[in-house]
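A.B. asks: final.cif is the file, holding mmCIF, C-alpha atoms:
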data_upload
loop_
_atom_site.label_atom_id
_atom_site.label_comp_id
_atom_site.auth_asym_id
_atom_site.auth_seq_id
_atom_site.Cartn_x
_atom_site.Cartn_y
_atom_site.Cartn_z
CA MET A 17 -38.00 5.69 17.69
CA THR A 18 -34.96 6.57 19.77
CA GLY A 19 -31.30 5.61 19.65
CA PRO A 20 -27.79 7.05 19.65
CA TYR A 21 -27.66 6.84 15.85
CA LEU A 22 -30.29 9.60 15.67
CA GLN A 23 -27.54 12.05 16.59
CA HIS A 24 -26.20 11.47 13.08
CA LEU A 25 -29.07 10.00 11.04
CA THR A 26 -32.47 11.61 10.75
CA SER A 27 -33.60 10.13 7.42
CA SER A 28 -32.47 7.88 4.58
CA LYS A 29 -31.10 10.99 2.85
CA ASP A 30 -28.32 11.10 5.43
CA LEU A 31 -27.01 7.79 4.04
CA GLU A 32 -26.66 9.13 0.50
CA THR A 33 -23.17 10.13 -0.60
CA THR A 34 -23.09 13.72 -1.82
CA TYR A 35 -21.47 14.73 -5.09
CA GLU A 36 -18.84 16.69 -3.16
CA ALA A 37 -17.92 13.59 -1.14
CA VAL A 38 -17.74 11.45 -4.29
CA ARG A 39 -15.50 13.99 -5.98
CA ALA A 40 -13.26 14.24 -2.92
CA GLY A 41 -13.01 10.45 -2.82
CA PHE A 42 -11.87 10.18 -6.43
CA VAL A 43 -9.35 12.98 -5.96
CA ALA A 44 -7.99 11.26 -2.85
CA GLN A 45 -7.64 7.99 -4.78
CA ALA A 46 -5.76 9.73 -7.59
CA LEU A 47 -3.38 11.38 -5.13
CA GLU A 48 -2.78 8.08 -3.33
CA LYS A 49 -2.01 6.32 -6.60
CA ASN A 50 0.56 8.98 -7.41
CA ARG A 51 2.05 8.73 -3.93
CA GLN A 52 2.47 4.98 -4.22
CA ALA A 53 3.82 5.29 -7.77
CA THR A 54 6.63 7.63 -6.68
CA PRO A 55 9.06 4.86 -5.59
CA TYR A 56 8.66 3.14 -8.98
CA VAL A 57 9.40 6.39 -10.82
CA GLU A 58 12.51 6.94 -8.70
CA GLU A 59 13.65 3.35 -9.37
CA ALA A 60 13.22 3.96 -13.11
CA ARG A 61 15.32 7.11 -12.89
CA ALA A 62 18.07 5.27 -11.04
CA LEU A 63 17.93 2.47 -13.63
CA LYS A 64 18.24 4.98 -16.46
CA VAL A 65 21.27 6.68 -14.90
CA ALA A 66 23.02 3.37 -14.23
CA ALA A 67 22.38 2.12 -17.77
CA LEU A 68 23.34 5.36 -19.51
CA THR A 69 26.61 5.80 -17.62
CA THR A 70 27.79 2.19 -17.97
CA ALA A 71 26.24 0.45 -20.96
CA LYS A 72 27.20 1.29 -24.54
CA THR A 73 25.22 -1.61 -25.99
CA PRO A 74 22.27 -3.66 -24.72
CA ASN A 75 24.54 -6.61 -23.95
CA ASP A 76 26.63 -4.41 -21.63
CA LEU A 77 23.64 -4.40 -19.26
CA LEU A 78 24.48 -7.97 -18.29
CA ASN A 79 27.72 -6.70 -16.76
CA ILE A 80 26.08 -4.26 -14.32
CA PRO A 81 25.38 -6.27 -11.13
CA ASP A 82 23.30 -3.59 -9.42
CA ILE A 83 20.55 -3.52 -12.05
CA GLN A 84 20.02 -7.23 -12.64
CA ARG A 85 16.81 -7.32 -10.60
CA ALA A 86 15.48 -4.32 -12.51
CA LEU A 87 16.34 -6.06 -15.79
CA LEU A 88 14.34 -9.07 -14.67
CA THR A 89 11.40 -6.82 -13.91
CA ALA A 90 11.63 -5.24 -17.37
CA ALA A 91 11.74 -8.77 -18.80
CA GLY A 92 8.39 -9.48 -17.15
CA VAL A 93 9.68 -11.67 -14.31
CA SER A 94 7.73 -10.98 -11.11
CA ASP A 95 9.36 -10.95 -7.67
CA LYS A 96 7.56 -14.18 -6.84
CA ALA A 97 8.75 -15.90 -10.03
CA ASN A 98 12.27 -14.61 -9.47
CA ASN A 99 12.46 -16.47 -6.16
CA HIS A 100 11.84 -19.77 -7.97
CA LEU A 101 14.30 -19.29 -10.84
CA ARG A 102 17.84 -20.55 -11.01
CA PRO A 103 20.62 -18.04 -11.89
CA GLU A 104 20.93 -19.38 -15.43
CA ASP A 105 17.17 -18.98 -15.95
CA ARG A 106 17.34 -15.36 -14.83
CA ILE A 107 20.14 -14.66 -17.30
CA GLU A 108 18.16 -16.34 -20.06
CA ALA A 109 15.16 -14.12 -19.32
CA ILE A 110 17.32 -10.98 -19.49
CA LYS A 111 18.92 -12.15 -22.73
CA GLY A 112 15.44 -12.60 -24.17
CA LEU A 113 14.61 -9.00 -23.21
CA ILE A 114 17.79 -7.77 -24.85
CA LYS A 115 17.40 -9.76 -28.07
CA ASN A 116 13.69 -9.21 -28.64
CA PHE A 117 13.19 -5.66 -27.43
CA LEU A 118 16.33 -3.72 -26.55
CA GLU A 119 18.51 -4.50 -29.56
CA PRO A 120 15.73 -3.62 -32.04
CA ALA A 121 15.45 -0.24 -30.29
CA GLY A 122 19.00 0.64 -31.42
CA GLU A 123 20.43 3.72 -29.72
CA LYS A 124 17.19 4.13 -27.80
CA PHE A 125 17.69 0.83 -25.91
CA VAL A 126 17.95 2.53 -22.50
CA GLU A 127 14.71 4.39 -23.12
CA GLU A 128 13.07 1.12 -24.17
CA LEU A 129 14.38 -0.55 -21.01
CA VAL A 130 12.97 2.15 -18.75
CA PHE A 131 9.58 2.08 -20.48
CA ARG A 132 9.30 -1.67 -20.07
CA PHE A 133 10.42 -1.49 -16.45
CA LEU A 134 7.71 1.07 -15.68
CA LEU A 135 5.10 -0.90 -17.61
CA ILE A 136 5.65 -4.01 -15.48
CA ARG A 137 5.94 -2.01 -12.26
CA GLY A 138 2.75 -0.16 -13.15
CA ASP A 139 0.93 -3.45 -13.58
CA ALA A 140 1.98 -4.49 -10.08
CA LEU A 141 0.87 -1.12 -8.74
CA GLY A 142 -2.50 -1.52 -10.43
CA GLY A 143 -3.05 -4.78 -8.60
CA SER A 144 -2.35 -3.19 -5.23
CA MET A 145 -4.68 -0.29 -6.06
CA ARG A 146 -7.80 -2.41 -6.57
CA ASN A 147 -8.92 -1.92 -2.98
CA ILE A 148 -7.62 1.63 -2.61
CA GLY A 149 -11.12 2.92 -1.80
CA GLY A 150 -11.36 0.59 1.18
CA VAL A 151 -7.84 1.47 2.31
CA LEU A 152 -8.57 5.20 2.23
CA ALA A 153 -11.86 4.67 4.08
CA GLN A 154 -10.00 2.73 6.78
CA ARG A 155 -7.45 5.52 7.15
CA LYS A 156 -10.17 8.15 7.35
CA LEU A 157 -12.04 6.22 10.04
CA THR A 158 -8.82 5.63 11.98
CA ARG A 159 -7.97 9.31 11.93
CA ALA A 160 -11.52 10.19 13.02
CA ILE A 161 -11.30 7.79 15.98
CA ILE A 162 -7.88 9.08 17.02
CA SER A 163 -9.04 12.70 16.75
CA ALA A 164 -12.14 12.01 18.85
CA LEU A 165 -10.07 10.25 21.50
CA ARG A 166 -7.55 13.08 21.65
CA VAL A 167 -10.28 15.73 21.96
CA ALA A 168 -11.83 13.72 24.80
CA GLY A 169 -8.45 13.35 26.50
CA ILE A 170 -8.51 9.56 26.22
CA SER A 171 -5.25 7.71 25.67
CA TYR A 172 -5.06 4.90 23.13
CA GLU A 173 -2.73 2.35 21.64
CA TRP A 174 -2.55 1.21 18.04
CA LEU A 175 -1.50 -1.96 16.25
CA HIS A 176 1.31 -1.49 13.72
CA ALA A 177 0.49 -3.35 10.50
CA GLU A 178 4.13 -4.13 9.64
CA THR A 179 5.54 -5.09 13.04
CA ASN A 180 2.26 -6.49 14.45
CA GLN A 181 3.14 -4.75 17.72
CA TRP A 182 0.90 -2.54 19.83
CA VAL A 183 2.24 1.00 20.22
CA GLN A 184 1.32 3.52 22.90
CA MET A 185 0.00 6.87 21.73
CA SER A 186 2.51 9.71 21.42
CA GLN A 187 2.33 13.44 20.87
CA ASN A 188 3.42 12.98 17.28
CA ASP A 189 0.71 10.87 15.68
CA ALA A 190 1.13 12.04 12.09
CA ASP A 191 0.47 9.30 9.50
CA ILE A 192 -0.48 6.69 12.11
CA GLU A 193 -3.56 5.92 10.03
CA ILE A 194 -1.32 4.67 7.18
CA PHE A 195 0.19 1.94 9.35
CA ALA A 196 -2.52 1.16 11.90
CA LYS A 197 -4.55 -2.02 11.64
CA GLY A 198 -6.12 -1.69 15.06
CA ILE A 199 -6.85 0.78 17.89
CA GLY A 200 -7.58 0.16 21.55
CA TRP A 201 -8.81 2.51 24.29
CA GLN A 202 -10.77 2.64 27.56
CA LYS A 203 -13.60 4.93 28.62
CA ASP A 204 -15.66 4.81 31.80
CA ASP A 205 -14.11 1.44 32.72
CA HIS A 206 -15.23 0.01 29.37
CA ASP A 207 -12.59 -1.39 27.03
CA ARG A 208 -12.85 -1.03 23.26
CA THR A 209 -10.67 -2.57 20.56
CA VAL A 210 -11.09 -1.97 16.83
CA LEU A 211 -9.38 -4.37 14.43
CA TYR A 212 -9.38 -4.15 10.63
CA ASN A 213 -9.42 -7.00 8.11
CA LEU A 214 -9.76 -9.72 10.70
CA LYS A 215 -10.51 -13.31 9.74
CA VAL A 216 -13.41 -14.30 12.00
CA PRO A 217 -13.70 -18.10 12.51
CA ILE A 218 -17.50 -18.07 12.80
CA VAL A 219 -17.73 -16.30 9.42
CA GLY A 220 -14.78 -17.96 7.71
CA ASN A 221 -13.83 -14.79 5.82
CA ASN A 222 -12.12 -11.49 6.43
CA VAL A 223 -14.30 -8.85 8.08
CA ASP A 224 -13.44 -5.25 7.22
CA LEU A 225 -13.96 -3.93 10.74
CA CYS A 226 -14.54 -5.56 14.12
CA LEU A 227 -15.32 -3.70 17.35
CA PHE A 228 -14.75 -5.64 20.58
CA ASN A 229 -15.87 -4.77 24.09
CA ARG A 230 -12.59 -5.93 25.56
CA THR A 231 -8.88 -5.19 25.67
CA ARG A 232 -6.45 -6.55 23.09
CA GLU A 233 -5.13 -9.07 25.64
CA ASN A 234 -8.55 -10.65 25.93
#
Would you mind writing the file's structure down as structure tokens?
C.D. replies:
Amino acid sequence: MTGPYLQHLTSSKDLETTYEAVRAGFVAQALEKNRQATPYVEEARALKVAALTTAKTPNDLLNIPDIQRALLTAAGVSDKANNHLRPEDRIEAIKGLIKNFLEPAGEKFVEELVFRFLLIRGDALGGSMRNIGGVLAQRKLTRAIISALRVAGISYEWLHAETNQWVQMSQNDADIEIFAKGIGWQKDDHDRTVLYNLKVPIVGNNVDLCLFNRTREN
């Protein structure tokens, strides 16, 4: 039996994940969770400072315009729900937070507010982390492809996940794998385009990875 795959696979053992790789994967997931949690921690710190320096009582929080969205989060109102609420409904939700949880906390009301803010934010973070293994695998593959192309002296372009625009390679390619949802290159007059999480009509569902023998324009 012959085939290009034999350069990498010689037996079924080669498909088994080693303990070292499993351990590295779990460590990478833990680090990524902490990285993505950092903005929430910083928001909580800013909320604490704003509340401590301005509010003497829980009801004073209603008079701080800059933290109203954070108060809604602490009250359990999601960003999606917030977009469908009228101003008076938002105030009612915050008043419920104050009456039921912050006032009973007494002098520790700011601490209670910050805890509840982080609890709700953490729940949202947990939802986004459910597919973190797949995300990290995608980044690892993207970096491997980019590295192989650079070593071979082949130029490439990549699809930015946020702008949905194709970007030409540059000398500074640090962290491209975080934002890339596609890569395109050419070798020996053959075009290749890799796209991630693409909804394929013939399948009817998202496919994790698609490799096309054509340019992105085609």
A.B. asks: Check which residues satisfy the PyMOL selection byres ((chain A and resi 83) around 12) in the file shown, then give them as number ranges by chain.
C.D. replies: A: 59-68, 70-71, 76-82, 84-90, 110, 129-130, 133
A.B. asks: With a distance cut-off of 9 Å and only C-alpha atoms, select the neighbouring residues of stretch 204-220 of chain A, excluding the residue or stretch itself and same-chain residues fewer than 4 positions from it, and output the selection as number ranges by chain.
C.D. replies: A: 154, 175, 196-200, 224-232
A.B. asks: Quote the spacing between atom CA of A:Gly92 and atom CA of A:Arg106 in Å to one decimal place.
C.D. replies: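 One can read the atom CA of A:Gly92 to atom CA of A:Arg106 distance as 11.0 Å.
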A.B. asks: Taking all atoms listed in the file into account, name the residue in A:Thr73, A:Gln52, A:Thr26, A:Asn222 that is nearest to A:Arg137.
C.D. replies: A:Gln52
A.B. asks: Using the chain letters and numbers from this file, what does the PyMOL selection byres ((chain A and resi 43-50) around 12) select? Give the answer as a ChimeraX atom specification.
C.D. replies: /A:36-42,51-57,138,141-153,155-156,194
A.B. asks: May I have the selected residues written with C-alpha atoms, as a compact mmCIF listing (two decimals), in the coordinates of the input?
C.D. replies:
# COMPACT_ATOMS: atom_id res chain seq x y z
CA GLU A 36 -18.84 16.69 -3.16
CA ALA A 37 -17.92 13.59 -1.14
CA VAL A 38 -17.74 11.45 -4.29
CA ARG A 39 -15.50 13.99 -5.98
CA ALA A 40 -13.26 14.24 -2.92
CA GLY A 41 -13.01 10.45 -2.82
CA PHE A 42 -11.87 10.18 -6.43
CA ARG A 51 2.05 8.73 -3.93
CA GLN A 52 2.47 4.98 -4.22
CA ALA A 53 3.82 5.29 -7.77
CA THR A 54 6.63 7.63 -6.68
CA PRO A 55 9.06 4.86 -5.59
CA TYR A 56 8.66 3.14 -8.98
CA VAL A 57 9.40 6.39 -10.82
CA GLY A 138 2.75 -0.16 -13.15
CA LEU A 141 0.87 -1.12 -8.74
CA GLY A 142 -2.50 -1.52 -10.43
CA GLY A 143 -3.05 -4.78 -8.60
CA SER A 144 -2.35 -3.19 -5.23
CA MET A 145 -4.68 -0.29 -6.06
CA ARG A 146 -7.80 -2.41 -6.57
CA ASN A 147 -8.92 -1.92 -2.98
CA ILE A 148 -7.62 1.63 -2.61
CA GLY A 149 -11.12 2.92 -1.80
CA GLY A 150 -11.36 0.59 1.18
CA VAL A 151 -7.84 1.47 2.31
CA LEU A 152 -8.57 5.20 2.23
CA ALA A 153 -11.86 4.67 4.08
CA ARG A 155 -7.45 5.52 7.15
CA LYS A 156 -10.17 8.15 7.35
CA ILE A 194 -1.32 4.67 7.18
A.B. asks: Could you expand the PyMOL selection byres ((chain A and resi 183-187) around 8) into the explicit residues it covers here, written as an NGL selection string?
C.D. replies: :A and (171-176 or 181-182 or 188-189)
A.B. asks: Specify the axis-aligned box that encloses all atoms of stretch 160-175 of chain A listed in the file after padding of 6 Å on each side, stating its centre and edge lengths in Å to one decimal as AutoDock Vina command-line options.
C.D. replies:
--center_x -6.8 --center_y 6.9 --center_z 19.8 --size_x 22.6 --size_y 29.7 --size_z 25.5
A.B. asks: Compare A:Leu135, A:Ile162, A:Lys96, A:Lys29 by their minimum atom-to-atom distance to A:Asp191, counting only C-alpha atoms, and give me the closest one.
C.D. replies: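 Closest residue, counting only C-alpha atoms: A:Ile162.
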A.B. asks: Nearest residue to A:Glu193 out of A:Leu101, A:Ala168, A:Ala160, A:Leu113, using only C-alpha atoms?
C.D. replies: A:Ala160
A.B. asks: Calculated over all atoms listed in the file, which of the candidates A:Phe117, A:Leu25, A:Trp201, A:Glu32 has the smallest distance to A:Asn75?
C.D. replies: A:Phe117
A.B. asks: One number please: atom CA of A:Leu134 to atom CA of A:Pro103, in Å, one decimal.
C.D. replies: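 So the two atoms, atom CA of A:Leu134 and atom CA of A:Pro103, lie 23.4 Å apart.
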